[in-house]
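A.B. asks: See entry.txt below, with compact mmCIF, C-alpha atoms and all ligand atoms.
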```txt
# COMPACT_ATOMS: atom_id res chain seq x y z
CA MET I 105 -107.08 -224.23 11.21
CA GLN I 106 -109.37 -225.96 8.74
CA VAL I 107 -111.11 -223.53 6.36
CA SER I 108 -113.61 -223.52 3.49
CA PHE I 109 -114.22 -220.54 1.25
CA ASP I 110 -115.38 -219.54 -2.23
CA GLY I 111 -113.09 -217.82 -4.68
CA LEU I 112 -111.97 -216.95 -8.20
CA VAL I 113 -108.41 -217.54 -9.38
CA LEU I 114 -106.62 -214.36 -10.46
CA LYS I 115 -103.18 -215.80 -11.14
CA ARG I 116 -101.28 -219.07 -11.10
CA THR I 117 -97.57 -219.33 -10.42
CA GLN I 118 -95.61 -222.53 -10.85
CA ILE I 119 -92.93 -223.01 -8.20
CA VAL I 120 -90.22 -225.61 -7.69
CA GLY I 121 -91.13 -229.20 -6.96
CA GLY I 122 -94.31 -229.21 -9.06
CA LYS I 123 -96.16 -227.14 -6.48
CA SER I 124 -98.11 -224.13 -7.64
CA LEU I 125 -99.40 -221.01 -5.97
CA LEU I 126 -102.74 -219.49 -6.82
CA THR I 127 -103.70 -215.90 -6.18
CA VAL I 128 -107.38 -216.17 -5.28
CA LEU I 129 -110.02 -213.53 -4.61
CA THR I 130 -112.13 -215.03 -1.82
CA ASP I 131 -115.35 -214.19 0.00
CA ASP I 132 -114.05 -214.51 3.57
CA PHE I 133 -110.36 -213.61 3.40
CA GLY I 134 -110.04 -211.09 0.56
CA LYS I 135 -107.18 -211.79 -1.83
CA ILE I 136 -104.97 -214.67 -0.70
CA THR I 137 -102.11 -216.84 -1.91
CA LEU I 138 -103.17 -220.47 -1.92
CA GLY I 139 -100.69 -223.35 -2.11
CA VAL I 140 -101.71 -226.23 -4.36
CA PRO I 141 -100.04 -229.57 -3.55
CA ALA I 142 -97.53 -230.94 -6.05
CA GLY I 143 -99.20 -233.15 -8.60
CA TYR I 144 -102.70 -231.89 -7.89
CA VAL I 145 -104.62 -231.90 -11.13
CA GLY I 146 -108.09 -232.74 -9.91
CA LYS I 147 -110.48 -234.94 -11.81
CA GLY I 148 -112.69 -233.57 -14.60
CA ARG I 149 -114.51 -230.47 -13.47
CA SER I 150 -112.48 -230.09 -10.29
CA SER I 151 -109.35 -229.45 -12.41
CA LEU I 152 -111.03 -226.17 -13.41
CA GLY I 153 -110.94 -225.10 -9.77
CA ILE I 154 -107.26 -224.31 -10.02
CA LYS I 155 -107.67 -222.28 -13.24
CA THR I 156 -109.14 -218.86 -13.99
CA PHE I 157 -112.80 -218.37 -14.99
CA SER I 158 -114.46 -220.69 -12.46
CA LEU I 159 -116.14 -219.90 -9.17
CA THR I 160 -114.81 -222.55 -6.83
CA ARG I 161 -115.29 -223.80 -3.29
CA TYR I 162 -111.94 -224.54 -1.66
CA ASP I 163 -111.24 -226.70 1.39
CA GLY I 164 -107.88 -226.43 3.07
CA TYR I 165 -105.78 -225.22 5.96
CA LYS I 166 -104.81 -221.80 7.20
CA HIS I 167 -101.66 -221.19 9.25
CA GLY I 168 -101.31 -217.49 9.95
CA ASN I 169 -101.60 -215.88 6.54
CA ILE I 170 -100.63 -219.03 4.68
CA PHE I 171 -103.33 -221.07 2.97
CA ASN I 172 -102.93 -224.58 1.61
CA MET I 173 -105.57 -226.29 -0.46
CA SER I 174 -106.72 -229.85 -0.03
CA ARG I 175 -109.76 -229.86 -2.31
CA ALA I 176 -111.32 -227.68 -5.02
CA GLN I 177 -114.93 -228.07 -6.11
CA VAL I 178 -116.20 -225.97 -8.99
CA ILE I 179 -119.46 -224.17 -8.23
CA GLU I 180 -119.83 -222.54 -11.63
CA SER I 181 -117.56 -222.67 -14.66
CA PHE I 182 -117.48 -219.82 -17.17
CA PHE I 183 -115.96 -222.05 -19.82
CA HIS I 184 -117.18 -220.05 -22.85
CA ILE I 185 -114.66 -217.36 -21.92
CA GLY I 186 -111.83 -219.74 -22.71
CA GLN I 187 -113.36 -220.72 -26.03
CA ASP I 188 -113.39 -217.28 -27.64
CA VAL I 189 -110.25 -215.21 -28.19
CA GLU I 190 -111.91 -211.84 -27.57
CA LYS I 191 -113.69 -213.02 -24.41
CA PHE I 192 -110.49 -214.63 -23.18
CA TYR I 193 -108.59 -211.38 -23.68
CA LEU I 194 -111.27 -209.29 -21.88
CA GLY I 195 -111.51 -211.82 -19.04
CA SER I 196 -107.71 -211.83 -18.68
CA VAL I 197 -107.62 -208.04 -18.46
CA ALA I 198 -110.35 -208.10 -15.78
CA VAL I 199 -108.54 -210.60 -13.57
CA GLU I 200 -105.17 -208.87 -14.02
CA LEU I 201 -106.65 -205.48 -13.08
CA THR I 202 -108.43 -207.03 -10.09
CA ASP I 203 -105.11 -208.44 -8.92
CA LEU I 204 -103.31 -205.11 -9.43
CA THR I 205 -105.94 -203.03 -7.65
CA THR I 206 -106.37 -205.16 -4.52
CA LEU I 207 -104.19 -205.82 -1.50
CA GLU I 208 -103.66 -209.24 -0.02
CA GLY I 209 -105.83 -209.95 3.01
CA GLU I 210 -108.08 -206.92 2.58
CA LYS I 211 -111.68 -208.20 2.84
CA ASN I 212 -113.90 -207.34 -0.10
CA PRO I 213 -116.84 -209.73 -0.59
CA ARG I 214 -118.58 -207.24 -2.92
CA LEU I 215 -115.68 -207.35 -5.36
CA LEU I 216 -115.90 -211.13 -5.58
CA SER I 217 -119.57 -210.93 -6.46
CA LEU I 218 -118.91 -208.17 -9.04
CA LEU I 219 -116.17 -210.19 -10.71
CA THR I 220 -118.44 -213.25 -10.67
CA GLU I 221 -121.28 -211.25 -12.27
CA PHE I 222 -118.87 -209.89 -14.87
CA MET I 223 -117.67 -213.40 -15.75
CA LYS I 224 -121.22 -214.72 -15.93
CA ALA I 225 -122.21 -211.89 -18.29
CA LEU I 226 -119.06 -212.32 -20.41
CA ASN I 227 -119.61 -216.06 -20.58
CA ASP I 228 -123.18 -215.60 -21.86
CA ARG I 229 -122.64 -212.60 -24.17
CA ASP I 230 -122.98 -213.18 -27.92
CA LYS I 231 -121.83 -209.86 -29.38
CA ASP I 232 -119.81 -206.75 -28.49
CA PRO I 233 -118.57 -207.88 -25.07
CA LEU I 234 -116.25 -204.88 -24.52
CA ILE I 235 -118.99 -202.90 -22.73
CA LEU I 236 -118.88 -205.51 -19.94
CA LEU I 237 -115.19 -204.90 -19.30
CA ILE I 238 -115.76 -201.13 -19.30
CA ALA I 239 -118.53 -201.55 -16.71
CA TYR I 240 -116.35 -203.79 -14.58
CA GLU I 241 -113.43 -201.35 -14.78
CA LEU I 242 -115.73 -198.58 -13.54
CA HIS I 243 -116.49 -200.76 -10.51
CA LEU I 244 -112.74 -201.20 -9.96
CA ILE I 245 -112.20 -197.42 -10.16
CA ASP I 246 -114.95 -197.00 -7.57
CA ASN I 247 -113.39 -199.72 -5.42
CA MET I 248 -109.99 -197.99 -5.63
CA GLY I 249 -111.65 -194.80 -4.37
CA ILE I 250 -110.64 -192.78 -7.45
CA MET I 251 -113.98 -192.30 -9.21
CA PRO I 252 -113.65 -188.95 -11.05
CA GLN I 253 -115.78 -186.08 -9.84
CA LEU I 254 -118.12 -185.41 -12.75
CA ASP I 255 -120.84 -183.02 -11.58
CA LYS I 256 -118.91 -179.82 -12.07
CA CYS I 257 -115.70 -178.46 -13.52
CA GLY I 258 -112.94 -179.09 -10.99
CA ILE I 259 -111.25 -175.82 -11.94
CA CYS I 260 -114.02 -173.19 -12.04
CA GLY I 261 -117.05 -175.02 -10.60
CA ASN I 262 -119.14 -174.60 -13.77
CA GLU I 263 -121.85 -177.29 -13.96
CA LYS I 264 -122.53 -176.90 -17.69
CA SER I 265 -120.65 -177.63 -20.92
CA LEU I 266 -118.34 -180.13 -19.28
CA LYS I 267 -115.99 -181.42 -21.93
CA LEU I 268 -113.35 -183.80 -20.66
CA ILE I 269 -112.01 -185.50 -17.55
CA GLY I 270 -108.59 -184.68 -16.19
CA ILE I 271 -106.93 -188.04 -15.73
CA SER I 272 -104.32 -186.92 -13.20
CA SER I 273 -106.64 -184.51 -11.37
CA GLY I 274 -109.66 -186.86 -11.41
CA HIS I 275 -112.34 -184.28 -12.22
CA ALA I 276 -114.36 -182.87 -15.12
CA ILE I 277 -113.02 -179.86 -17.03
CA CYS I 278 -115.42 -177.47 -18.79
CA ASN I 279 -115.11 -176.06 -22.32
CA LYS I 280 -113.95 -172.67 -21.11
CA CYS I 281 -111.22 -174.02 -18.83
CA HIS I 282 -110.16 -176.47 -21.52
CA ASP I 283 -109.70 -173.56 -23.97
CA GLU I 284 -107.77 -171.59 -21.39
CA LEU I 285 -105.48 -174.49 -20.58
CA LYS I 286 -104.83 -174.98 -24.28
CA ARG I 287 -104.08 -171.26 -24.72
CA SER I 288 -101.66 -171.31 -21.82
CA GLY I 289 -99.27 -173.37 -23.94
CA ASN I 290 -100.61 -176.88 -23.65
CA ASN I 291 -98.29 -177.73 -20.78
CA ASN I 292 -101.06 -179.05 -18.61
CA ILE I 293 -100.56 -182.79 -17.99
CA ASP I 294 -104.30 -183.56 -18.20
CA ILE I 295 -104.59 -181.87 -21.60
CA GLN I 296 -101.53 -183.72 -22.84
CA ILE I 297 -102.87 -187.11 -21.75
CA TRP I 298 -106.28 -186.29 -23.18
CA ASN I 299 -104.85 -185.29 -26.56
CA ASN I 300 -102.98 -188.58 -26.75
CA LEU I 301 -106.23 -190.48 -26.23
CA LYS I 302 -107.74 -189.09 -29.45
CA ILE I 303 -111.32 -189.22 -28.21
CA SER I 304 -113.66 -187.83 -30.85
CA GLU I 305 -115.56 -184.56 -30.31
CA ASP I 306 -118.97 -186.24 -30.44
CA PHE I 307 -118.26 -188.79 -27.71
CA ASP I 308 -119.57 -187.61 -24.36
CA ILE I 309 -117.34 -189.47 -21.92
CA ILE I 310 -118.90 -187.81 -18.87
CA GLU I 311 -122.51 -188.74 -19.66
CA SER I 312 -121.40 -192.21 -20.76
CA ILE I 313 -119.75 -192.89 -17.41
CA LYS I 314 -122.74 -191.53 -15.48
CA TYR I 315 -125.08 -193.72 -17.53
CA LEU I 316 -123.07 -196.90 -17.23
CA LYS I 317 -122.47 -196.42 -13.50
CA ARG I 318 -126.20 -196.64 -12.85
CA LEU I 319 -126.54 -200.05 -14.46
CA GLU I 320 -125.95 -203.55 -13.16
CA PHE I 321 -124.50 -206.35 -15.26
CA LYS I 322 -127.92 -207.87 -15.84
CA ASP I 323 -129.12 -204.54 -17.30
CA LEU I 324 -126.27 -204.54 -19.82
CA LYS I 325 -127.59 -207.62 -21.59
CA ASN I 326 -129.32 -205.69 -24.36
CA ILE I 327 -127.11 -202.62 -24.38
CA ARG I 328 -124.67 -202.16 -27.23
CA LEU I 329 -122.11 -199.47 -27.89
CA LYS I 330 -120.84 -198.79 -31.40
CA ALA I 331 -117.46 -200.53 -31.74
CA ASP I 332 -115.48 -197.30 -32.26
CA LYS I 333 -117.16 -195.60 -29.28
CA ALA I 334 -116.51 -198.64 -27.10
CA GLU I 335 -112.83 -198.49 -28.11
CA GLU I 336 -112.60 -194.78 -27.23
CA PHE I 337 -114.39 -195.38 -23.94
CA GLN I 338 -112.03 -198.24 -23.15
CA SER I 339 -108.90 -196.26 -24.01
CA PHE I 340 -109.98 -193.55 -21.54
CA ILE I 341 -110.86 -195.96 -18.71
CA ARG I 342 -107.70 -197.98 -19.18
CA ARG I 343 -105.48 -194.88 -19.23
CA TYR I 344 -107.26 -193.64 -16.10
CA ILE I 345 -106.65 -196.84 -14.14
CA LEU I 346 -103.06 -197.37 -15.32
CA TYR I 347 -102.18 -193.74 -14.58
CA HIS I 348 -103.37 -194.12 -10.99
CA LEU I 349 -101.63 -197.50 -10.63
CA ASN I 350 -98.49 -195.89 -12.04
CA ILE I 351 -97.94 -198.60 -14.64
CA GLU I 352 -97.55 -198.35 -18.41
CA GLU I 353 -99.01 -201.55 -19.74
CA LEU I 354 -100.82 -204.71 -18.69
CA LYS I 355 -99.31 -208.15 -19.14
CA SER I 356 -102.51 -209.14 -20.93
CA ASP I 357 -101.80 -206.46 -23.54
CA ALA I 358 -98.22 -207.57 -24.01
CA LEU I 359 -99.11 -211.21 -24.42
CA ASP I 360 -99.88 -213.12 -27.55
CA ILE I 361 -103.59 -212.85 -26.80
CA LYS I 362 -103.59 -209.41 -28.39
CA ARG I 363 -101.94 -210.77 -31.53
CA LEU I 364 -104.40 -213.68 -31.66
CA LEU I 365 -107.22 -211.21 -31.27
CA ASN I 366 -106.01 -209.13 -34.21
CA ASP I 367 -105.61 -212.27 -36.31
CA SER I 368 -109.14 -213.38 -35.50
CA HIS I 369 -110.51 -209.93 -36.42
CA ASP I 370 -108.60 -209.94 -39.70
CA GLY I 371 -110.07 -213.31 -40.52
CA ARG I 372 -113.67 -212.13 -40.19
ZN ZN Y 401 -114.17 -174.74 -15.79
```
Represent the structure contained in this file as structure tokens.

C.D. replies:
Amino acid sequence: MQVSFDGLVLKRTQIVGGKSLLTVLTDDFGKITLGVPAGYVGKGRSSLGIKTFSLTRYDGYKHGNIFNMSRAQVIESFFHIGQDVEKFYLGSVAVELTDLTTLEGEKNPRLLSLLTEFMKALNDRDKDPLILLIAYELHLIDNMGIMPQLDKCGICGNEKSLKLIGISSGHAICNKCHDELKRSGNNNIDIQIWNNLKISEDFDIIESIKYLKRLEFKDLKNIRLKADKAEEFQSFIRRYILYHLNIEELKSDALDIKRLLNDSHDGR
């Protein structure tokens, strides 16, 4: 069957014979594996269609669940992401997490538009882009169906003085229950994870999530978070997602990108 669809590349795998396989998040078919013919490089802009950070229209064939590409035409390229080490790192984390949190063939047109909006915003952002990744990760948490319950303490039901979020239990924990859990010998898994995060006393993670959840990417244009607060926010969100995915670390964090990023910060 001949098909045409829009998509964003999440991953590219080289296989034998010069052929490559793309993992693509599409509008009509959800996440798919797309075969790219051996030797396909595309001319000029169309070569971007088989790389990450471009929204692309694909033409090809579908046999059962197998897709093969015949043509890729770039609709919009977010090329600034590839030109800046920090943006490249954040964009790589976003696509890797999207890949990890979605199942092949499960339709999700809203996720494609969210990832596209994220890339557009990241592409255009001048300063402090981390807030965009945090906002996108919140969308992923929502999409995974694991958004923490934040309106009341999940242990006693108290709606006031909420202090932290239990990462394993997925709900807010109030001051009183936090103190009690600590007194009971600190064996509670949520308290242990939380202590390892080293989130400062004055950072209100619960209000920050509620605030950011209300905003769309276009609203984030003029919003800045202090660098240290953004880092704390990110360490919580990342721990939350990885805990629920049952993985320790992202490939993007293990790669040289992180080292390049540190080098570029040192050089400033
Ligand atoms: Zn409580």

A.B. asks: Please return as a list in words the residues found within 6 Å of ligand ZN 401 (chain Y), counting all atoms listed in the file.

C.D. replies: Cys257, Ile259, Cys260, Gly261, Asn262, Ile277, Cys278, Lys280 and Cys281 of chain I

A.B. asks: Please report, as JSON lines, each residue of region 221-265 of chain I lying at most 9 Å from region 187-195 of chain I, together with the nearest pair of atoms and the separation in Å rounded to one decimal; use only C-alpha atoms, and order rows by chain and ascending residue number.

C.D. replies:
```
{"residue": "I:Phe222", "atom": "CA", "partner": "I:Gly195", "partner_atom": "CA", "distance": 8.7}
{"residue": "I:Met223", "atom": "CA", "partner": "I:Gly195", "partner_atom": "CA", "distance": 7.2}
{"residue": "I:Leu226", "atom": "CA", "partner": "I:Lys191", "partner_atom": "CA", "distance": 6.7}
{"residue": "I:Asn227", "atom": "CA", "partner": "I:Lys191", "partner_atom": "CA", "distance": 7.7}
{"residue": "I:Arg229", "atom": "CA", "partner": "I:Lys191", "partner_atom": "CA", "distance": 9.0}
{"residue": "I:Pro233", "atom": "CA", "partner": "I:Lys191", "partner_atom": "CA", "distance": 7.1}
{"residue": "I:Leu234", "atom": "CA", "partner": "I:Leu194", "partner_atom": "CA", "distance": 7.2}
{"residue": "I:Leu236", "atom": "CA", "partner": "I:Leu194", "partner_atom": "CA", "distance": 8.7}
{"residue": "I:Leu237", "atom": "CA", "partner": "I:Leu194", "partner_atom": "CA", "distance": 6.4}
```

A.B. asks: In Å to one decimal, how far is CA of Pro213 (chain I) from CA of Asp131 (chain I)?

C.D. replies: 4.7 Å

A.B. asks: Which of these residues is nearest to Leu219 (chain I), using only C-alpha atoms: I:Val128, I:Ile250, I:Val107, I:Val120?

C.D. replies: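 Residue with the minimum atom-to-atom distance to Leu219 (chain I): I:Val128.
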
A.B. asks: Report, in Å to a single decimal, how far apart CA of Val197 (chain I) and CA of Glu336 (chain I) are.

C.D. replies: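 Between these atoms lies a distance of 16.7 Å.
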
A.B. asks: Using only the atoms of region 187-202 of chain I listed in the file, plus 8 Å on each side, state the axis-aligned box centre and edge lengths in Å rounded to one decimal, as JSON.

C.D. replies:
```
{"center_x": -109.4, "center_y": -213.1, "center_z": -19.1, "size_x": 24.5, "size_y": 31.2, "size_z": 34.1}
```

A.B. asks: For C-alpha atoms, please extract region 309-342 of chain I from the block and return it as a PDB file, in the first residue's frame.

C.D. replies:
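Saved to decode_23.pdb:
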```pdb
ATOM      1  CA  ILE I 309       8.591  21.593  43.255  1.00  0.00           C
ATOM      2  CA  ILE I 310       4.825  21.130  43.605  1.00  0.00           C
ATOM      3  CA  GLU I 311       3.862  24.719  42.726  1.00  0.00           C
ATOM      4  CA  SER I 312       6.489  24.767  39.966  1.00  0.00           C
ATOM      5  CA  ILE I 313       4.971  21.718  38.280  1.00  0.00           C
ATOM      6  CA  LYS I 314       1.430  23.089  38.631  1.00  0.00           C
ATOM      7  CA  TYR I 315       2.541  26.399  37.120  1.00  0.00           C
ATOM      8  CA  LEU I 316       4.448  24.928  34.211  1.00  0.00           C
ATOM      9  CA  LYS I 317       1.698  22.427  33.396  1.00  0.00           C
ATOM     10  CA  ARG I 318      -0.700  25.277  32.655  1.00  0.00           C
ATOM     11  CA  LEU I 319       1.540  26.818  30.012  1.00  0.00           C
ATOM     12  CA  GLU I 320       2.025  26.066  26.346  1.00  0.00           C
ATOM     13  CA  PHE I 321       5.379  26.271  24.591  1.00  0.00           C
ATOM     14  CA  LYS I 322       4.553  29.654  23.102  1.00  0.00           C
ATOM     15  CA  ASP I 323       3.923  31.019  26.627  1.00  0.00           C
ATOM     16  CA  LEU I 324       7.387  29.915  27.739  1.00  0.00           C
ATOM     17  CA  LYS I 325       9.123  32.324  25.383  1.00  0.00           C
ATOM     18  CA  ASN I 326       9.709  34.985  28.020  1.00  0.00           C
ATOM     19  CA  ILE I 327       9.846  32.753  31.067  1.00  0.00           C
ATOM     20  CA  ARG I 328      13.189  32.108  32.701  1.00  0.00           C
ATOM     21  CA  LEU I 329      14.142  29.956  35.648  1.00  0.00           C
ATOM     22  CA  LYS I 330      17.310  30.605  37.627  1.00  0.00           C
ATOM     23  CA  ALA I 331      19.947  28.140  36.400  1.00  0.00           C
ATOM     24  CA  ASP I 332      20.294  26.338  39.751  1.00  0.00           C
ATOM     25  CA  LYS I 333      16.509  26.013  40.150  1.00  0.00           C
ATOM     26  CA  ALA I 334      16.186  24.701  36.600  1.00  0.00           C
ATOM     27  CA  GLU I 335      18.858  22.084  37.391  1.00  0.00           C
ATOM     28  CA  GLU I 336      17.032  20.986  40.560  1.00  0.00           C
ATOM     29  CA  PHE I 337      13.729  20.868  38.696  1.00  0.00           C
ATOM     30  CA  GLN I 338      15.330  18.808  35.941  1.00  0.00           C
ATOM     31  CA  SER I 339      16.967  16.367  38.348  1.00  0.00           C
ATOM     32  CA  PHE I 340      13.557  15.672  39.914  1.00  0.00           C
ATOM     33  CA  ILE I 341      11.703  15.241  36.602  1.00  0.00           C
ATOM     34  CA  ARG I 342      14.426  13.060  35.137  1.00  0.00           C
TER      35      ARG I 342
END
```
